[in-house]
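*Asks:* Okay, handing you the structure first.
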Amino acid sequence: MQLRLTEEQKMVQKTIRKFVEKELIPLENDVLRNEREGKPSLPPGKLKELQLKAKEAGFWGINTPEQYGGADLGQMMMAIVLMEVSKTFVPFQFGGSADNILYYANEEQKQKYLIPTIEGEKKSCFAMTEPGAGSDTRNIRMTAVKEGNEWILNGEKTFITGGNEADFVMVIAITDKEKHQATGRDGVTCFIVDRDLGWKSEYIHTMGEWGPASLVFDNVRVPEENILGEVDGGYNLGLEWIGFARWVVGARAIGAAERLLQMAIEYAKERITFGKPIAERQAIQWQIADSAVEIEAARWLVLNAAYTLDAGEDNRHMASMAKLYGANMGNRVVDRVMQIHGGMGYTRELPIERWYREARLWRIYDGTDEIQRMIIARNLIKGHVKLGQFV
């Protein structure tokens, strides 16, 4: 049993940390200024420039198979990388990657969608959530009706990450109403739909700096060859996409919480009240101690979820635990850090209030707290998972 990072993992962690400190953190003041002025966080072309710098350092397609030019480092390494990158709020992601379910594309689809996405020539998004259907897939209403060699899609998707920028969407629609009504899972299919086929997107304003999209399909005709996977097999693809996204939320929360806690420690040593640094006050010490313990607990939940996936095992239970605990941990830590900073933490001169707004979303998207608890409890009650099984 290995409870320490390997030398290779430590090397990757160190290299990513240097990249974040050298290339990303210096941009934070500009990002805050741009956002206060209502401008994009990064100027046009800056993200691409940063991705190419990372590529020069050997970080391109971290989880992409080698046959597509990626590093294929695995999920454990992905978790380590995400924890480091999330120590800054500068919107950055490494290039050379594609959604995990896009690898189920056939050869023709891979040439048209997968490879251009990996190479950065196209942007994708995944759409399952609807105004009346989040985790309850029985309420999905978007339909796809076959007519000749085409499928006609009608309906709306909402809160779609990357939906405003995407060149194509992988969208879930009902293709067999009877099957879907019977189970809420069967009878849905995943379609790859280019934007120029006619779907429209609209920006959704949120309390954070991130804005998802509402997608509208009005008699959008999609050719038969654009089905991803099998007809009526879209639910399993959706589960696989969400399963990966869930533990990733936990990893991001850990990175942000570590950075925030370090800010709190430094501020507590500098801030003087009644003749002493507040770091000497028990109330502050306990907040720092509780935060540190919770960060470490979340880290092992996330690493276990990633390790389980690397081992080829079903990680859905662990992913739900990592997401639930990690997201809530992040919310508690940022709240404590703001409290420690007092009035300054509430201002936009520091990034704490920005992280505060962003962190609240972690408990909602990719499955709410309530859904994660339902999944975890159901697995235990029905005996799908036994206590201590993953030790």
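Starting from 1 in every chain, residues are counted up; chains themselves are A, B, ... following the order of the structure tokens, and ligands are numbered from 1 as listed.
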Need to verify the contact set: Pro91 of chain A, 8 Å, only C-alpha atoms, exclusion of same-chain residues closer than 2 positions in sequence. Can you return it as a PDB file with all heavy atoms, in the first residue's frame?

*Replies:*
```pdb
ATOM      1  N   SER A  41     -11.856  37.687 -18.606  1.00  0.00           N
ATOM      2  CA  SER A  41     -10.779  37.508 -17.622  1.00  0.00           C
ATOM      3  C   SER A  41      -9.406  37.594 -18.264  1.00  0.00           C
ATOM      4  O   SER A  41      -8.489  38.229 -17.729  1.00  0.00           O
ATOM      5  CB  SER A  41     -10.944  36.159 -16.920  1.00  0.00           C
ATOM      6  OG  SER A  41     -12.192  36.075 -16.280  1.00  0.00           O
ATOM      7  N   LEU A  42      -9.256  36.941 -19.411  1.00  0.00           N
ATOM      8  CA  LEU A  42      -7.995  36.973 -20.157  1.00  0.00           C
ATOM      9  C   LEU A  42      -8.243  37.576 -21.529  1.00  0.00           C
ATOM     10  O   LEU A  42      -9.282  37.321 -22.149  1.00  0.00           O
ATOM     11  CB  LEU A  42      -7.433  35.549 -20.324  1.00  0.00           C
ATOM     12  CG  LEU A  42      -6.957  34.829 -19.061  1.00  0.00           C
ATOM     13  CD1 LEU A  42      -6.567  33.392 -19.391  1.00  0.00           C
ATOM     14  CD2 LEU A  42      -5.792  35.562 -18.410  1.00  0.00           C
ATOM     15  N   PHE A  89      -6.991  31.428  -9.536  1.00  0.00           N
ATOM     16  CA  PHE A  89      -8.305  31.577 -10.162  1.00  0.00           C
ATOM     17  C   PHE A  89      -8.182  32.016 -11.617  1.00  0.00           C
ATOM     18  O   PHE A  89      -9.195  32.194 -12.301  1.00  0.00           O
ATOM     19  CB  PHE A  89      -9.154  32.598  -9.390  1.00  0.00           C
ATOM     20  CG  PHE A  89      -8.483  33.913  -9.195  1.00  0.00           C
ATOM     21  CD1 PHE A  89      -8.538  34.895 -10.171  1.00  0.00           C
ATOM     22  CD2 PHE A  89      -7.776  34.179  -8.038  1.00  0.00           C
ATOM     23  CE1 PHE A  89      -7.901  36.109 -10.002  1.00  0.00           C
ATOM     24  CE2 PHE A  89      -7.134  35.396  -7.851  1.00  0.00           C
ATOM     25  CZ  PHE A  89      -7.196  36.366  -8.827  1.00  0.00           C
ATOM     26  N   GLN A  93      -6.611  25.949 -18.556  1.00  0.00           N
ATOM     27  CA  GLN A  93      -6.624  24.487 -18.651  1.00  0.00           C
ATOM     28  C   GLN A  93      -5.609  24.081 -19.706  1.00  0.00           C
ATOM     29  O   GLN A  93      -5.390  24.800 -20.677  1.00  0.00           O
ATOM     30  CB  GLN A  93      -8.018  23.967 -19.026  1.00  0.00           C
ATOM     31  CG  GLN A  93      -8.548  24.512 -20.347  1.00  0.00           C
ATOM     32  CD  GLN A  93      -9.972  24.062 -20.613  1.00  0.00           C
ATOM     33  OE1 GLN A  93     -10.680  23.665 -19.705  1.00  0.00           O
ATOM     34  NE2 GLN A  93     -10.387  24.124 -21.863  1.00  0.00           N
TER      35      GLN A  93
END
```

*Asks:* Enumerate the residues of segment 126-324 of chain A with a DSSP assignment of strand (DSSP E or B), computed from the backbone, and present them as a PyMOL selection string.

*Replies:* chain A and resi 126-127+130+133+143-147+150-160+168-174+188-194+200-203+213-223+227-228+272-273+276-277

*Asks:* Write out as JSON, numbers by chain all residues of segment 57-148 of chain A that DSSP puts in helix (DSSP H, G or I) for this structure's backbone.

*Replies:* {"A": [66, 67, 68, 75, 76, 77, 78, 79, 80, 81, 82, 83, 84, 85, 100, 101, 102, 103, 104, 107, 108, 109, 110, 111, 112, 113, 114, 115, 116, 117, 118, 137, 138, 139]}

*Asks:* Of the residues A:Leu82, A:Ala127, A:Val193, A:Ala297, which is the one nearest to Gln109 of chain A, using only C-alpha atoms?

*Replies:*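 Nearest candidate to Gln109 of chain A out of A:Leu82, A:Ala127, A:Val193, A:Ala297: A:Val193.
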
*Asks:* Please provide the set of residues having any atom within 10 Å of Glu349 of chain A, restricted to only C-alpha atoms, with same-chain residues fewer than 2 positions apart removed, written as an mmCIF file with all heavy atoms, in the first residue's frame.

*Replies:*
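Final file, out_9.cif:
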```cif
data_model
loop_
_atom_site.group_PDB
_atom_site.id
_atom_site.type_symbol
_atom_site.label_atom_id
_atom_site.label_comp_id
_atom_site.auth_asym_id
_atom_site.auth_seq_id
_atom_site.Cartn_x
_atom_site.Cartn_y
_atom_site.Cartn_z
ATOM 1 N N ASN A 29 -3.850 39.913 -10.754
ATOM 2 C CA ASN A 29 -4.324 41.293 -10.612
ATOM 3 C C ASN A 29 -4.986 41.792 -11.895
ATOM 4 O O ASN A 29 -5.997 42.500 -11.851
ATOM 5 C CB ASN A 29 -3.173 42.220 -10.226
ATOM 6 C CG ASN A 29 -2.741 42.042 -8.782
ATOM 7 O OD1 ASN A 29 -3.526 41.597 -7.941
ATOM 8 N ND2 ASN A 29 -1.496 42.376 -8.481
ATOM 9 N N LEU A 32 -8.470 40.198 -12.064
ATOM 10 C CA LEU A 32 -9.411 40.872 -11.169
ATOM 11 C C LEU A 32 -9.844 42.223 -11.747
ATOM 12 O O LEU A 32 -11.028 42.581 -11.721
ATOM 13 C CB LEU A 32 -8.776 41.075 -9.793
ATOM 14 C CG LEU A 32 -8.587 39.831 -8.921
ATOM 15 C CD1 LEU A 32 -7.864 40.194 -7.627
ATOM 16 C CD2 LEU A 32 -9.916 39.170 -8.622
ATOM 17 N N ARG A 33 -8.882 42.958 -12.304
ATOM 18 C CA ARG A 33 -9.195 44.267 -12.892
ATOM 19 C C ARG A 33 -10.121 44.101 -14.096
ATOM 20 O O ARG A 33 -11.107 44.840 -14.239
ATOM 21 C CB ARG A 33 -7.908 44.978 -13.307
ATOM 22 C CG ARG A 33 -8.126 46.423 -13.766
ATOM 23 C CD ARG A 33 -6.838 47.076 -14.254
ATOM 24 N NE ARG A 33 -5.754 46.915 -13.298
ATOM 25 C CZ ARG A 33 -4.708 46.110 -13.484
ATOM 26 N NH1 ARG A 33 -4.602 45.401 -14.605
ATOM 27 N NH2 ARG A 33 -3.754 46.014 -12.576
ATOM 28 N N ARG A 36 -13.631 43.253 -12.910
ATOM 29 C CA ARG A 36 -14.320 44.407 -12.309
ATOM 30 C C ARG A 36 -14.841 45.350 -13.377
ATOM 31 O O ARG A 36 -15.880 45.994 -13.200
ATOM 32 C CB ARG A 36 -13.376 45.173 -11.372
ATOM 33 C CG ARG A 36 -13.097 44.482 -10.042
ATOM 34 C CD ARG A 36 -12.515 45.459 -9.023
ATOM 35 N NE ARG A 36 -11.238 46.013 -9.444
ATOM 36 C CZ ARG A 36 -10.056 45.507 -9.122
ATOM 37 N NH1 ARG A 36 -9.983 44.407 -8.389
ATOM 38 N NH2 ARG A 36 -8.937 46.088 -9.524
ATOM 39 N N MET A 344 -11.322 43.317 4.758
ATOM 40 C CA MET A 344 -10.500 43.225 3.546
ATOM 41 C C MET A 344 -10.872 42.003 2.715
ATOM 42 O O MET A 344 -10.829 42.029 1.490
ATOM 43 C CB MET A 344 -9.019 43.174 3.914
ATOM 44 C CG MET A 344 -8.402 44.535 4.193
ATOM 45 S SD MET A 344 -8.596 45.681 2.801
ATOM 46 C CE MET A 344 -7.682 44.828 1.509
ATOM 47 N N GLY A 345 -11.247 40.936 3.378
ATOM 48 C CA GLY A 345 -11.619 39.730 2.645
ATOM 49 C C GLY A 345 -12.876 39.905 1.822
ATOM 50 O O GLY A 345 -13.079 39.209 0.829
ATOM 51 N N TYR A 346 -13.709 40.869 2.239
ATOM 52 C CA TYR A 346 -14.980 41.106 1.558
ATOM 53 C C TYR A 346 -14.831 42.038 0.364
ATOM 54 O O TYR A 346 -15.736 42.157 -0.452
ATOM 55 C CB TYR A 346 -15.969 41.690 2.563
ATOM 56 C CG TYR A 346 -17.400 41.745 2.094
ATOM 57 C CD1 TYR A 346 -18.127 40.587 1.865
ATOM 58 C CD2 TYR A 346 -18.029 42.977 1.897
ATOM 59 C CE1 TYR A 346 -19.440 40.634 1.440
ATOM 60 C CE2 TYR A 346 -19.344 43.047 1.472
ATOM 61 C CZ TYR A 346 -20.048 41.864 1.242
ATOM 62 O OH TYR A 346 -21.350 41.927 0.823
ATOM 63 N N THR A 347 -13.682 42.692 0.250
ATOM 64 C CA THR A 347 -13.470 43.626 -0.851
ATOM 65 C C THR A 347 -13.031 42.894 -2.116
ATOM 66 O O THR A 347 -12.601 41.735 -2.070
ATOM 67 C CB THR A 347 -12.379 44.660 -0.513
ATOM 68 O OG1 THR A 347 -11.097 43.997 -0.496
ATOM 69 C CG2 THR A 347 -12.638 45.308 0.841
ATOM 70 N N PRO A 351 -8.778 38.330 -3.903
ATOM 71 C CA PRO A 351 -9.583 37.358 -4.650
ATOM 72 C C PRO A 351 -10.484 36.485 -3.789
ATOM 73 O O PRO A 351 -11.173 35.609 -4.301
ATOM 74 C CB PRO A 351 -8.511 36.497 -5.321
ATOM 75 C CG PRO A 351 -7.362 36.524 -4.376
ATOM 76 C CD PRO A 351 -7.366 37.915 -3.794
ATOM 77 N N ILE A 352 -10.507 36.731 -2.463
ATOM 78 C CA ILE A 352 -11.270 35.846 -1.580
ATOM 79 C C ILE A 352 -12.752 35.863 -1.912
ATOM 80 O O ILE A 352 -13.401 34.818 -2.000
ATOM 81 C CB ILE A 352 -11.039 36.235 -0.102
ATOM 82 C CG1 ILE A 352 -9.561 36.103 0.248
ATOM 83 C CG2 ILE A 352 -11.870 35.343 0.827
ATOM 84 C CD1 ILE A 352 -9.178 36.699 1.587
ATOM 85 N N GLU A 353 -13.316 37.071 -2.103
ATOM 86 C CA GLU A 353 -14.751 37.136 -2.409
ATOM 87 C C GLU A 353 -15.059 36.496 -3.753
ATOM 88 O O GLU A 353 -16.139 35.935 -3.947
ATOM 89 C CB GLU A 353 -15.243 38.591 -2.352
ATOM 90 C CG GLU A 353 -14.698 39.522 -3.426
ATOM 91 C CD GLU A 353 -15.488 39.436 -4.719
ATOM 92 O OE1 GLU A 353 -16.687 39.127 -4.683
ATOM 93 O OE2 GLU A 353 -14.872 39.655 -5.777
ATOM 94 N N ARG A 354 -14.098 36.545 -4.670
ATOM 95 C CA ARG A 354 -14.297 35.904 -5.972
ATOM 96 C C ARG A 354 -14.366 34.390 -5.792
ATOM 97 O O ARG A 354 -15.234 33.729 -6.346
ATOM 98 C CB ARG A 354 -13.147 36.265 -6.923
ATOM 99 C CG ARG A 354 -13.331 35.731 -8.336
ATOM 100 C CD ARG A 354 -12.042 35.832 -9.130
ATOM 101 N NE ARG A 354 -12.247 35.537 -10.542
ATOM 102 C CZ ARG A 354 -12.386 34.317 -11.044
ATOM 103 N NH1 ARG A 354 -12.366 33.263 -10.236
ATOM 104 N NH2 ARG A 354 -12.561 34.140 -12.343
#
```

*Asks:* As a list in words, please: the residues near segment 215-231 of chain A (cut-off 6 Å, only C-alpha atoms, same-chain neighbours under 4 positions excluded).

*Replies:*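 Selected residues are Ala105, Asn149, Glu150, Trp151, Ile152, Leu153, Asn154, Gly155, Glu156, Lys157, Thr189, Cys190, Phe191, Ile192, Gly198, Trp199, Lys200 and Ser201 of chain A.
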
*Asks:* Counting only C-alpha atoms, figure out which residue out of A:Ile376, A:Val248, A:Met321, A:Ile284 gets nearest to Ala306 of chain A.

*Replies:* A:Val248
